[in-house]
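Novice: There's a structure below that I have some questions on.
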Amino acid sequence: MIQMEVNNVLVELKPQDRQVFTQLLNSILPAMVGGKKIIELLCSILSEGTKRGIESTNPTYQAALWAMYQIGVRGVRIHNETNNADLKTEKSTEFDNQPFESHFTIGNIATGRAMVASALLFTNRAVRVNQVMQPVVPQPMELMKPINEVLLKMRLAGEDIHITSARYFMKMIEAGHTFDSSEIRCALQVLADISVAAFSYSVENKTFNIEGFNEANACALAYLQGMEAEQISQMHLRAVNSNARMRGARAQPIVTERRRRS
């Protein structure tokens, strides 16, 4: 039995339906994108629940406690007057020392570890571009939604989404946008969201070469898409195999401009 001390009372943590964690993730991810810390957001949820008299058995309340537990919190005292919190934490947690794919077992999905892993990954990503690590700065939905619509229109019949995304990135580069612009930040997020971890490009040759895939991102993306543990494992293995093939054979560059037929 797993327990957490909340306002000096021991609360038993029980596995929750996946949908509860999905709803919690959807509620905190935008604020995390805006720079808020996950622990701060979870404490706010507990504080609001306490003010409203929510029982500790409430699914959302339980999910928030599970998320805190997974990142090492073992006790919390909420000060409702100030919305501050005192935390008891483990000096060390195995969370960051585990292979990322291990966070997506059936048990870890039911106890919030998969949700926490996904939230932390999607707000701490980078892509290697022409041998330089570029941070993926999470962009607001109001910017990403129209770009996703543009990609749908750009995508040719039978074209792999990676090629469509590569063409869009090159279009932004050729338009003169720099890496600190919202246009390139959005284009990088598009590529990161389909698990591209590294690529190189040449404006002169109009080529884009994918050099690696983010195996952890493949797990988190599959989780957010509602896949079950076995399917998530398969998506991870697919990314692993893709990287293995890239290491064993020279990757073929993607030509980002279609040549006209003569």
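Here's how to read the names in the structure tokens: chain A, B, ... by the order shown, residue numbers from 1 in each chain, ligand numbers from 1 in the order shown.
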Which polymer residues have any atom within 9 Å of an atom of region 71-84 of chain A, counting only C-alpha atoms, with same-chain residues fewer than 6 positions away left out, as a VMD selection string?

Specialist: chain A and resid 3 to 8 10 39 to 40 43 to 44 46 to 48 50 to 51 65 90 to 96 113 116

Novice: Pull the strand (DSSP E or B) assignments for region 169-239 of chain A out of DSSP run on the backbone, and list those residues as a ChimeraX atom specification.

Specialist: /A:196-202,207-213

Novice: Give me, as a ChimeraX atom specification, all polymer residues having an atom no more than 9 Å from region 162-169 of chain A, counting only C-alpha atoms and skipping those fewer than 5 positions away in the same chain.

Specialist: /A:150-152,154-156,174,183-184,186-188,190-191,194,196,207-210,254-257

Novice: Could you please take those selected residues and save N, CA, C and O atoms as a short mmCIF file (atom, residue, chain, number, x, y, z; two decimals), in the first residue's frame?

Specialist:
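Once everything was written out, this is again04.cif:
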data_model
loop_
_atom_site.label_atom_id
_atom_site.label_comp_id
_atom_site.auth_asym_id
_atom_site.auth_seq_id
_atom_site.Cartn_x
_atom_site.Cartn_y
_atom_site.Cartn_z
N VAL A 150 -1.87 23.97 -42.24
CA VAL A 150 -1.05 24.19 -43.42
C VAL A 150 -0.37 22.89 -43.86
O VAL A 150 -0.31 22.56 -45.05
N LEU A 151 0.13 22.13 -42.88
CA LEU A 151 0.80 20.86 -43.19
C LEU A 151 -0.16 19.88 -43.85
O LEU A 151 0.23 19.14 -44.77
N LEU A 152 -1.40 19.86 -43.40
CA LEU A 152 -2.40 18.98 -44.02
C LEU A 152 -2.61 19.33 -45.49
O LEU A 152 -2.75 18.45 -46.34
N MET A 154 -0.37 20.94 -47.36
CA MET A 154 0.90 20.74 -48.07
C MET A 154 1.17 19.28 -48.41
O MET A 154 1.83 18.97 -49.40
N ARG A 155 0.66 18.39 -47.58
CA ARG A 155 1.02 16.97 -47.70
C ARG A 155 0.51 16.38 -49.00
O ARG A 155 -0.69 16.42 -49.30
N LEU A 156 1.41 15.85 -49.77
CA LEU A 156 1.07 15.24 -51.05
C LEU A 156 0.53 13.83 -50.83
O LEU A 156 0.80 13.20 -49.81
N GLU A 174 14.06 29.25 -46.02
CA GLU A 174 14.26 29.97 -47.27
C GLU A 174 13.56 31.33 -47.26
O GLU A 174 13.97 32.25 -47.99
N GLU A 183 8.33 31.37 -36.21
CA GLU A 183 8.14 30.49 -37.38
C GLU A 183 9.03 29.26 -37.31
O GLU A 183 8.58 28.12 -37.53
N ILE A 184 10.31 29.47 -36.99
CA ILE A 184 11.23 28.34 -36.91
C ILE A 184 10.99 27.54 -35.63
O ILE A 184 11.08 26.30 -35.64
N CYS A 186 8.15 27.01 -34.25
CA CYS A 186 7.00 26.15 -34.55
C CYS A 186 7.40 25.01 -35.48
O CYS A 186 6.96 23.87 -35.29
N ALA A 187 8.22 25.31 -36.48
CA ALA A 187 8.67 24.27 -37.41
C ALA A 187 9.48 23.21 -36.68
O ALA A 187 9.36 22.01 -36.97
N LEU A 188 10.33 23.63 -35.73
CA LEU A 188 11.10 22.68 -34.94
C LEU A 188 10.20 21.82 -34.07
O LEU A 188 10.42 20.61 -33.92
N VAL A 190 7.14 20.98 -34.72
CA VAL A 190 6.49 20.02 -35.62
C VAL A 190 7.38 18.80 -35.80
O VAL A 190 6.93 17.65 -35.70
N LEU A 191 8.67 19.04 -36.05
CA LEU A 191 9.61 17.93 -36.26
C LEU A 191 9.82 17.14 -34.97
O LEU A 191 9.87 15.90 -35.00
N ILE A 194 7.04 14.66 -34.14
CA ILE A 194 7.03 13.39 -34.87
C ILE A 194 8.31 12.61 -34.60
O ILE A 194 8.71 11.75 -35.38
N VAL A 196 11.56 13.43 -34.52
CA VAL A 196 12.85 13.70 -35.14
C VAL A 196 13.79 14.26 -34.07
O VAL A 196 13.46 15.24 -33.40
N THR A 207 18.27 20.24 -49.59
CA THR A 207 18.13 18.89 -49.03
C THR A 207 17.94 18.97 -47.52
O THR A 207 18.35 19.92 -46.85
N PHE A 208 17.32 17.93 -47.00
CA PHE A 208 17.03 17.80 -45.57
C PHE A 208 17.28 16.34 -45.23
O PHE A 208 16.64 15.45 -45.79
N ASN A 209 18.20 16.09 -44.31
CA ASN A 209 18.60 14.71 -44.00
C ASN A 209 18.31 14.39 -42.54
O ASN A 209 18.93 14.95 -41.64
N ILE A 210 17.37 13.50 -42.29
CA ILE A 210 17.07 13.06 -40.92
C ILE A 210 18.19 12.14 -40.45
O ILE A 210 18.54 11.18 -41.12
N ILE A 254 16.53 13.80 -48.00
CA ILE A 254 15.19 14.09 -48.51
C ILE A 254 15.28 15.35 -49.36
O ILE A 254 15.69 16.40 -48.88
N VAL A 255 14.93 15.26 -50.61
CA VAL A 255 14.93 16.44 -51.47
C VAL A 255 13.67 17.23 -51.17
O VAL A 255 12.56 16.71 -51.29
N THR A 256 13.85 18.47 -50.73
CA THR A 256 12.71 19.24 -50.25
C THR A 256 12.04 20.07 -51.33
O THR A 256 11.09 20.79 -51.06
N GLU A 257 12.55 20.02 -52.55
CA GLU A 257 11.88 20.72 -53.64
C GLU A 257 11.68 19.75 -54.78
O GLU A 257 12.62 19.16 -55.29
#

Novice: What's around Gln234 (chain A) at 12 Å? Count only C-alpha atoms, leave out sequence neighbours fewer than 3 positions away in its own chain, and write the answer as JSON, numbers by chain.

Specialist: {"A": [101, 104, 215, 218, 219, 222, 223, 227, 228, 229, 230, 231, 237, 238, 239, 240, 241]}

Novice: With distances taken over only C-alpha atoms, which of A:Ser56, A:Gln189, A:Thr89, A:Asn217 is nearest to Leu143 (chain A)?

Specialist: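 For Leu143 (chain A), the nearest of the candidates is A:Gln189.
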
Novice: Using only C-alpha atoms, can you tell me which of A:Asn58, A:Gln70, A:Ser200, A:Ser195 comes closest to Ala110 (chain A)?

Specialist: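 Ranked by minimum distance to Ala110 (chain A), first place goes to A:Gln70.
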
Novice: Out of region 75-193 of chain A, which residues get helix (DSSP H, G or I) from DSSP, as a PyMOL selection string?

Specialist: chain A and resi 95-97+100-104+106-110+113-122+141-154+161-174+182-193

Novice: Hey, which bits of region 126-149 of chain A sit within 10 Å of region 177-180 of chain A, and for each residue what's the closest pair of atoms and how far apart in Å (one decimal), counting only C-alpha atoms, rows by chain and increasing number, as JSON lines?

Specialist:
{"residue": "A:Gln134", "atom": "CA", "partner": "A:Phe179", "partner_atom": "CA", "distance": 8.2}
{"residue": "A:Pro135", "atom": "CA", "partner": "A:Phe179", "partner_atom": "CA", "distance": 9.6}
{"residue": "A:Val137", "atom": "CA", "partner": "A:Asp180", "partner_atom": "CA", "distance": 9.6}

Novice: Find the spatial neighbours of Ala197 (chain A), counting only C-alpha atoms, within a cut-off of 8 Å - ignore same-chain residues fewer than 5 positions away - and output them as a PDB file with all heavy atoms, in the first residue's frame.

Specialist:
ATOM      1  N   ALA A 126      15.065  19.044 -27.121  1.00  0.00           N
ATOM      2  CA  ALA A 126      15.998  19.730 -28.019  1.00  0.00           C
ATOM      3  C   ALA A 126      16.192  18.863 -29.248  1.00  0.00           C
ATOM      4  O   ALA A 126      16.050  17.637 -29.189  1.00  0.00           O
ATOM      5  CB  ALA A 126      17.334  20.000 -27.332  1.00  0.00           C
ATOM      6  N   VAL A 127      16.499  19.497 -30.367  1.00  0.00           N
ATOM      7  CA  VAL A 127      16.773  18.793 -31.625  1.00  0.00           C
ATOM      8  C   VAL A 127      18.142  19.233 -32.125  1.00  0.00           C
ATOM      9  O   VAL A 127      18.472  20.422 -32.069  1.00  0.00           O
ATOM     10  CB  VAL A 127      15.694  19.107 -32.685  1.00  0.00           C
ATOM     11  CG1 VAL A 127      16.057  18.464 -34.028  1.00  0.00           C
ATOM     12  CG2 VAL A 127      14.330  18.609 -32.225  1.00  0.00           C
ATOM     13  N   ARG A 128      18.952  18.276 -32.572  1.00  0.00           N
ATOM     14  CA  ARG A 128      20.268  18.614 -33.123  1.00  0.00           C
ATOM     15  C   ARG A 128      20.110  18.988 -34.594  1.00  0.00           C
ATOM     16  O   ARG A 128      19.669  18.178 -35.411  1.00  0.00           O
ATOM     17  CB  ARG A 128      21.233  17.439 -32.978  1.00  0.00           C
ATOM     18  CG  ARG A 128      22.690  17.835 -33.248  1.00  0.00           C
ATOM     19  CD  ARG A 128      23.643  16.664 -33.121  1.00  0.00           C
ATOM     20  NE  ARG A 128      23.537  15.769 -34.253  1.00  0.00           N
ATOM     21  CZ  ARG A 128      23.274  14.464 -34.156  1.00  0.00           C
ATOM     22  NH1 ARG A 128      23.051  13.905 -32.971  1.00  0.00           N
ATOM     23  NH2 ARG A 128      23.206  13.703 -35.244  1.00  0.00           N
ATOM     24  N   ALA A 192       9.941  17.839 -33.846  1.00  0.00           N
ATOM     25  CA  ALA A 192      10.116  17.152 -32.568  1.00  0.00           C
ATOM     26  C   ALA A 192       8.893  16.311 -32.234  1.00  0.00           C
ATOM     27  O   ALA A 192       9.019  15.212 -31.672  1.00  0.00           O
ATOM     28  CB  ALA A 192      10.384  18.161 -31.463  1.00  0.00           C
ATOM     29  N   GLU A 211      18.747  12.441 -39.274  1.00  0.00           N
ATOM     30  CA  GLU A 211      19.905  11.709 -38.761  1.00  0.00           C
ATOM     31  C   GLU A 211      19.605  10.902 -37.499  1.00  0.00           C
ATOM     32  O   GLU A 211      20.477  10.194 -37.001  1.00  0.00           O
ATOM     33  CB  GLU A 211      21.043  12.692 -38.481  1.00  0.00           C
ATOM     34  CG  GLU A 211      21.496  13.440 -39.728  1.00  0.00           C
ATOM     35  CD  GLU A 211      22.474  14.559 -39.443  1.00  0.00           C
ATOM     36  OE1 GLU A 211      22.464  15.079 -38.310  1.00  0.00           O
ATOM     37  OE2 GLU A 211      23.241  14.908 -40.360  1.00  0.00           O
ATOM     38  N   GLY A 212      18.416  11.001 -36.976  1.00  0.00           N
ATOM     39  CA  GLY A 212      18.082  10.226 -35.791  1.00  0.00           C
ATOM     40  C   GLY A 212      16.681  10.544 -35.285  1.00  0.00           C
ATOM     41  O   GLY A 212      16.128  11.609 -35.583  1.00  0.00           O
ATOM     42  N   PHE A 213      16.125   9.576 -34.538  1.00  0.00           N
ATOM     43  CA  PHE A 213      14.801   9.743 -33.970  1.00  0.00           C
ATOM     44  C   PHE A 213      14.873   9.714 -32.440  1.00  0.00           C
ATOM     45  O   PHE A 213      15.725   9.036 -31.860  1.00  0.00           O
ATOM     46  CB  PHE A 213      13.851   8.645 -34.464  1.00  0.00           C
ATOM     47  CG  PHE A 213      13.500   8.778 -35.922  1.00  0.00           C
ATOM     48  CD1 PHE A 213      14.195   8.054 -36.879  1.00  0.00           C
ATOM     49  CD2 PHE A 213      12.488   9.631 -36.334  1.00  0.00           C
ATOM     50  CE1 PHE A 213      13.882   8.180 -38.229  1.00  0.00           C
ATOM     51  CE2 PHE A 213      12.170   9.765 -37.678  1.00  0.00           C
ATOM     52  CZ  PHE A 213      12.869   9.040 -38.623  1.00  0.00           C
ATOM     53  N   ASN A 214      13.990  10.454 -31.799  1.00  0.00           N
ATOM     54  CA  ASN A 214      13.928  10.534 -30.343  1.00  0.00           C
ATOM     55  C   ASN A 214      13.097   9.364 -29.829  1.00  0.00           C
ATOM     56  O   ASN A 214      11.869   9.366 -29.927  1.00  0.00           O
ATOM     57  CB  ASN A 214      13.310  11.871 -29.922  1.00  0.00           C
ATOM     58  CG  ASN A 214      13.389  12.104 -28.429  1.00  0.00           C
ATOM     59  OD1 ASN A 214      13.302  11.174 -27.633  1.00  0.00           O
ATOM     60  ND2 ASN A 214      13.547  13.360 -28.047  1.00  0.00           N
TER      61      ASN A 214
END

Novice: As an exercise, work out the distance from CA of Ala114 (chain A) to CA of Val11 (chain A) in Å and give it to one decimal place.

Specialist: 21.4 Å

Novice: Need to verify the contact set: Gly34 (chain A), 10 Å, only C-alpha atoms, exclusion of same-chain residues closer than 4 positions in sequence. Can you return it as an mmCIF file with N, CA, C and O atoms, in the first residue's frame?

Specialist:
data_model
loop_
_atom_site.group_PDB
_atom_site.id
_atom_site.type_symbol
_atom_site.label_atom_id
_atom_site.label_comp_id
_atom_site.auth_asym_id
_atom_site.auth_seq_id
_atom_site.Cartn_x
_atom_site.Cartn_y
_atom_site.Cartn_z
ATOM 1 N N ILE A 28 -2.597 20.871 -17.012
ATOM 2 C CA ILE A 28 -1.351 21.485 -16.535
ATOM 3 C C ILE A 28 -0.338 21.756 -17.643
ATOM 4 O O ILE A 28 0.527 22.612 -17.485
ATOM 5 N N LEU A 29 -0.459 21.051 -18.776
ATOM 6 C CA LEU A 29 0.553 21.190 -19.816
ATOM 7 C C LEU A 29 0.650 22.606 -20.378
ATOM 8 O O LEU A 29 1.767 23.123 -20.566
ATOM 9 N N PRO A 30 -0.471 23.291 -20.657
ATOM 10 C CA PRO A 30 -0.344 24.665 -21.160
ATOM 11 C C PRO A 30 0.418 25.575 -20.200
ATOM 12 O O PRO A 30 1.228 26.405 -20.627
ATOM 13 N N THR A 123 8.189 19.336 -22.285
ATOM 14 C CA THR A 123 8.577 20.699 -21.932
ATOM 15 C C THR A 123 10.090 20.832 -21.758
ATOM 16 O O THR A 123 10.570 21.870 -21.307
ATOM 17 N N VAL A 137 11.346 25.124 -28.048
ATOM 18 C CA VAL A 137 10.591 26.003 -27.153
ATOM 19 C C VAL A 137 9.103 25.767 -27.396
ATOM 20 O O VAL A 137 8.607 26.048 -28.486
ATOM 21 N N PRO A 138 8.389 25.202 -26.413
ATOM 22 C CA PRO A 138 6.965 24.896 -26.627
ATOM 23 C C PRO A 138 6.192 26.137 -27.060
ATOM 24 O O PRO A 138 6.290 27.200 -26.451
ATOM 25 N N GLN A 139 5.428 25.974 -28.116
ATOM 26 C CA GLN A 139 4.677 27.085 -28.680
ATOM 27 C C GLN A 139 3.195 26.971 -28.318
ATOM 28 O O GLN A 139 2.658 25.862 -28.191
ATOM 29 N N PRO A 140 2.515 28.086 -28.149
ATOM 30 C CA PRO A 140 1.094 28.053 -27.777
ATOM 31 C C PRO A 140 0.238 27.436 -28.873
ATOM 32 O O PRO A 140 0.584 27.483 -30.063
#
